[in-house]
Amino acid sequence: MKKTYKIEVDCANCANKMEDAAKKTSGVKDAVVNFMTLKMSVEFEDGANPKAVMQDVLANCKKVEDDCEIYL
Amino acid sequence: MNKKQKKVLVRIIAAAVCILVLTLLPVEGALKFVLYMIPYLIIGYDILIKAGKGILNRQVFDENFLMAVATVGAILLGDYTEGTAVMLFYQIGELFQSYAVGRSRRNISELMDIRPDYANIEGEKGQLEQVDPDEVAIGSIIVVQPGEKIPIDGVIIEGKTSLNTSALTGESVPSDVETGSEVISGCINMTGVLKIRTTKEFGESTASKILDLVENASSKKSRSENFISKFAKYYTPAVCYGAVALAVLPPLCRMLFMRLAPEWGDWIFRALTFLVISCPCALVISIPLSFFAGIGGASNAGVLVKGSNYLETLAQTKYVVFDKTGTMTEGVFEVNGVHHAQIDEEKLLEYAALAECRSSHPISKSLQRACGKPLDAARVTDVEEISGNGVIAKVDGVPVAAGNRKLMERIGVGCRDCHSVGTVVHIAVNGVYAGHILISDRIKPHAKEAIAALKSAGVKRTVMLTGDTQQVAGRVAAELGIDEVHSELLPAGKVAQVEMLLGKKTEQEKLAFVGDGINDAPVLSRADIGIAMGAMGSDAAIEAADIVLMDDDPLKIAKAIKISKKCIRIVYENIWFAIGIKVICLVLGAAGIANMWVAIFADVGVMVIAVLNAIRALNVKKL
């Protein structure tokens with residue numbers, strides 16, 4: 001399953017870091033952050049609960065870039 | 001500017017004024033330190049907080065950390081002005097970057113301003129109601145007034161008008177439509193009121209699909225982008241360790257081996273300069289920005305690119321393979337000549353057109369078009385259609401037979417063969433051979449220029465594949481200047497030909513296949529890059545291809561290649577320029593030649609220049 005979320009982040013490198021952090025979250029198969037359109041598309045692993053996984057993704061992203069937001 | 005940016009701007013101005021005043025004040029010692037803390041904290045408090053949080057989250061090597069260490073270090077060494085100024089310029093750079101990125105985001109979305117905000121539905125008393133286009137069901141009647149965008153794909157049931165399709169196709173000549181025409185969303189209605197019966201939902205309509213495609217395009221990352229994110233991952237820590245080494249090793253060497261004074265302050269200062277230079281912002285921001293601008297510029301020219309990676313591949317295209325019908329030719333038939341006419345040519349055409357006037361076959365249609373006169377069906381009687389042969393009828397009471405050689409043999413009339421290529425309609429009037437009419441597919445107006453333009457865009461070889469006869473294919477290829485032609489191919493044969501070409505070329509040379517997207521899906525996906533043309537309203541083409549040309553002008557193929565080349569050139573310029581300047585400054589900084597001001601240029605200056613350069617990719621008008 002694939003879902004796209006709107007995000008808020010200031011710098012391109014931070015967007016790259018968010019992408020990395022999201023990819024490493026368990027339950028996430030793949031993630032792409034598009035800095036230019038401020039969107040994050042996340043592909044979930046089979047059987048994962050997107051809502052719960054996205055909470056972890058957000059927490060992990062906050063760790064690498066405090067000043068970011070994902071609109072869930 | 002948004003609120004956040006305005007706040008930063010105010011802080012920048014306040015800090016700059018403070019610094020100016022302080023440089024003029026003759027203060028020394030502890031008081032100077034305290035006074036300089038005012039602008040430093042005004043401009044840098046958020047960076048310091050972020051750096052602190054970063055350390056707590058074990059994310060030490062980010063820009064905030066670098067800036068915090070460099071400026072705190074400079075201040076501890078007593079260089080108050082430099083320390084504060086570095087922070088000030090860093091913030092100016094960040095502000096500029098966020099402003100520039102915001103601007104180009106807006107610019108590009110304005111270029112692609114085809115999203116309709118509402119649809120008009122006629123209420124019970126005939127008054128118009130504006131509704132969310134998402135809520136309009138298939139088969140509803142919507143009203144589009146002059147100046148409004150068509151919100152949903154559909155068929156006109158009332159009214160006629162000119163449509164401005166430039167937002168979709170880049171084509172500035174308006175197209176005329178009337179009752180019964182199919183229209184697609186995103187076009188602007190220019191002159192008349194239209195009533196349209198919708199044939200799709202809003203989300204499935206052309207405008208929504210295109211927007212979705214363009215917005216998601218930059219998510220498919222190119223190799224350059226992946227290279228840069230990898231580079232940044234190793235580069236920043238490497239520079240940080242380099243800075244530590246620079247601060248510690250030379251003084252130790254001097255002390256232990258050379259028996260000189262260690263000069264700690266000098267070396268630490270050089271290390272701090274290192275840190276300021278090291279920020280990878282210029283690279284990390286300018287590469288995706290270039291691609292985004294390139295994709296935006298291309299879509300404004302009517303070329304939809306489905307990903308940054310395709311832009312990269314397109315720039316390396318050396319082989320272009322075409323389908324013939326619908327790509328290089330119009331796919332519609334046209335009377336090309338009247339030969340061996342025994343009677344007046346116009347009269348011959350009129351007889352043929354009248355005899356065929358009840359038929360809707362493309363050949364009959366082309367005869368009717370070529371005749372150019374209104375045809376009165378009442379003049380035609382006793383029509384007898386002979387399937388696979390042609391038609392026999394009485395026109396003004398005169399028996400006329402129009403059809404192929406078999407028909408002539410059938411009615412026992414000798415006919416003359418045609419030496420030209422195409423479909424031939426023989427005509428007998430009153431039982432006597434009267435001549436034949438040659439009908440053939442028309443080559444697109446820009447096809448020849450398009451091949452020449454491809455050559456000038458660096459394409460090595462052009463190849464045409466077609467299911468048509470060798471005679472027709474050879475003539476079209478010769479006329480257009482195509483290098484290689486393969487005819488009488490079935491769809492599977494086209495795939496085989498493309499695979500053979502793919503096998504012959506080198507890895508760096510890419511092969512593009514251009515088709516009309518209707519029956520080319522297997523070849524489109526097999527080629528390195530698939531280009532579908534004339535995609536207005538054809539979902540199949542948008543799905544199968546990597547690049548979609550909105551109108552069916554073959555000149556756009558060369559334009560797309562040129563756009564991609566410009567974009568990639570800018571990307572490489574930025575990579576070399578940014579890395580080059582940084583490396584030079586790092587060397588100069590290590591040697592003690594570059595001071596803090598040079599370091600600020602290497603960081604902020606390079607970033608500003610790279611961003612401005614990246615935005616150039618948006619301008620594709622003159623290519």
# chains A, B, ... in the order shown; residues from 1 in each chain; ligands from 1

call {"tool": "residues_around", "arguments": {"residues": "Gln55 in chain A", "least_positions_apart": "4", "cutoff": "12 Å", "atoms": "only C-alpha atoms", "output": "list in words"}}
result
Ala22, Thr25, Ser26, Gly27, Val28, Asn49, Pro50, Lys51, Ala59, Asn60, Cys61, Lys62, Glu69, Ile70, Tyr71 and Leu72 of chain A

call {"tool": "write_last_selection", "arguments": {"atoms": "C-alpha atoms", "output": "PDB file, in the first residue's frame"}}
result
ATOM      1  CA  ALA A  22      11.355   7.144   7.226  1.00  0.00           C
ATOM      2  CA  THR A  25      11.204   2.857  10.337  1.00  0.00           C
ATOM      3  CA  SER A  26       9.821  -0.646  10.759  1.00  0.00           C
ATOM      4  CA  GLY A  27       6.687  -1.262   8.719  1.00  0.00           C
ATOM      5  CA  VAL A  28       7.948   0.998   5.932  1.00  0.00           C
ATOM      6  CA  ASN A  49      -1.031  -0.385  10.042  1.00  0.00           C
ATOM      7  CA  PRO A  50      -0.331   2.919   8.236  1.00  0.00           C
ATOM      8  CA  LYS A  51      -1.604   5.075  11.098  1.00  0.00           C
ATOM      9  CA  ALA A  59       8.878  10.544  15.686  1.00  0.00           C
ATOM     10  CA  ASN A  60      11.954   9.348  13.780  1.00  0.00           C
ATOM     11  CA  CYS A  61      11.868  12.351  11.463  1.00  0.00           C
ATOM     12  CA  LYS A  62      11.625  14.686  14.446  1.00  0.00           C
ATOM     13  CA  GLU A  69       6.180  18.329  10.200  1.00  0.00           C
ATOM     14  CA  ILE A  70       4.191  15.577   8.518  1.00  0.00           C
ATOM     15  CA  TYR A  71       0.485  16.252   8.096  1.00  0.00           C
ATOM     16  CA  LEU A  72      -1.094  12.908   8.878  1.00  0.00           C
TER      17      LEU A  72
END

call {"tool": "closest_atom_pairs", "arguments": {"of": "chain B", "to": "chain A", "cutoff": "7 Å", "atoms": "only C-alpha atoms", "output": "Markdown table"}}
result
| residue | atom | partner | partner_atom | distance |
| --- | --- | --- | --- | --- |
| B:Asn57 | CA | A:Lys63 | CA | 5.6 |
| B:Gln59 | CA | A:Val64 | CA | 6.2 |
| B:Ser98 | CA | A:Asp10 | CA | 6.9 |
| B:Arg105 | CA | A:Met36 | CA | 6.9 |
| B:Glu215 | CA | A:Thr37 | CA | 6.7 |
| B:Ser218 | CA | A:Asn34 | CA | 6.7 |
| B:Ser219 | CA | A:Asn34 | CA | 5.3 |
| B:Ser229 | CA | A:Asn16 | CA | 6.8 |
| B:Cys281 | CA | A:Asn13 | CA | 6.8 |
| B:Val284 | CA | A:Asn13 | CA | 5.8 |
| B:Ile285 | CA | A:Ala12 | CA | 5.2 |
| B:Leu289 | CA | A:Met36 | CA | 6.8 |
| B:Phe292 | CA | A:Met36 | CA | 6.8 |

call {"tool": "residues_around", "arguments": {"residues": "Glu178 in chain B", "least_positions_apart": "5", "cutoff": "10 Å", "atoms": "only C-alpha atoms", "output": "mmCIF file with N, CA and C atoms, in the first residue's frame"}}
result
data_model
loop_
_atom_site.group_PDB
_atom_site.id
_atom_site.type_symbol
_atom_site.label_atom_id
_atom_site.label_comp_id
_atom_site.auth_asym_id
_atom_site.auth_seq_id
_atom_site.Cartn_x
_atom_site.Cartn_y
_atom_site.Cartn_z
ATOM 1 N N VAL B 155 -18.434 15.925 -23.534
ATOM 2 C CA VAL B 155 -18.850 16.176 -24.915
ATOM 3 C C VAL B 155 -19.761 17.398 -24.918
ATOM 4 N N ILE B 156 -19.568 18.281 -25.897
ATOM 5 C CA ILE B 156 -20.400 19.482 -25.970
ATOM 6 C C ILE B 156 -21.793 19.089 -26.459
ATOM 7 N N ILE B 157 -22.829 19.504 -25.732
ATOM 8 C CA ILE B 157 -24.176 19.215 -26.224
ATOM 9 C C ILE B 157 -24.848 20.492 -26.706
ATOM 10 N N GLU B 158 -24.276 21.638 -26.391
ATOM 11 C CA GLU B 158 -24.868 22.870 -26.881
ATOM 12 C C GLU B 158 -23.796 23.954 -26.897
ATOM 13 N N GLY B 159 -23.747 24.716 -27.992
ATOM 14 C CA GLY B 159 -22.857 25.850 -28.070
ATOM 15 C C GLY B 159 -21.623 25.567 -28.887
ATOM 16 N N LYS B 160 -20.982 26.634 -29.380
ATOM 17 C CA LYS B 160 -19.697 26.475 -30.041
ATOM 18 C C LYS B 160 -18.769 27.601 -29.616
ATOM 19 N N THR B 161 -17.463 27.329 -29.707
ATOM 20 C CA THR B 161 -16.511 28.302 -29.179
ATOM 21 C C THR B 161 -15.105 28.004 -29.685
ATOM 22 N N SER B 162 -14.173 28.907 -29.357
ATOM 23 C CA SER B 162 -12.755 28.623 -29.542
ATOM 24 C C SER B 162 -12.177 28.268 -28.186
ATOM 25 N N VAL B 183 -14.304 17.514 -25.538
ATOM 26 C CA VAL B 183 -13.399 18.519 -24.995
ATOM 27 C C VAL B 183 -12.741 17.967 -23.737
ATOM 28 N N GLY B 192 -17.768 31.401 -26.522
ATOM 29 C CA GLY B 192 -19.198 31.133 -26.353
ATOM 30 C C GLY B 192 -19.511 30.352 -25.088
ATOM 31 N N LEU B 194 -20.849 27.166 -23.229
ATOM 32 C CA LEU B 194 -20.926 25.757 -23.592
ATOM 33 C C LEU B 194 -21.740 24.994 -22.563
#

call {"tool": "residues_around", "arguments": {"residues": "Lys2 in chain A", "least_positions_apart": "3", "cutoff": "7 Å", "atoms": "only C-alpha atoms", "output": "PyMOL selection string"}}
result
chain A and resi 41-44

call {"tool": "atom_distance", "arguments": {"atom1": "CA of Pro399 in chain B", "atom2": "CA of His419 in chain B"}}
result
27.1 Å

call {"tool": "select_by_dssp", "arguments": {"residues": "range 443-538 of chain B", "states": "strand (DSSP E or B)", "output": "VMD selection string"}}
result
chain B and resid 443 461 to 465 484 to 486 510 to 515 529 to 533

call {"tool": "closest_residue", "arguments": {"among": "A:Ala48, A:Val57, A:Val9, A:Met1", "to": "Lys23 in chain A", "atoms": "only C-alpha atoms"}}
result
A:Val57
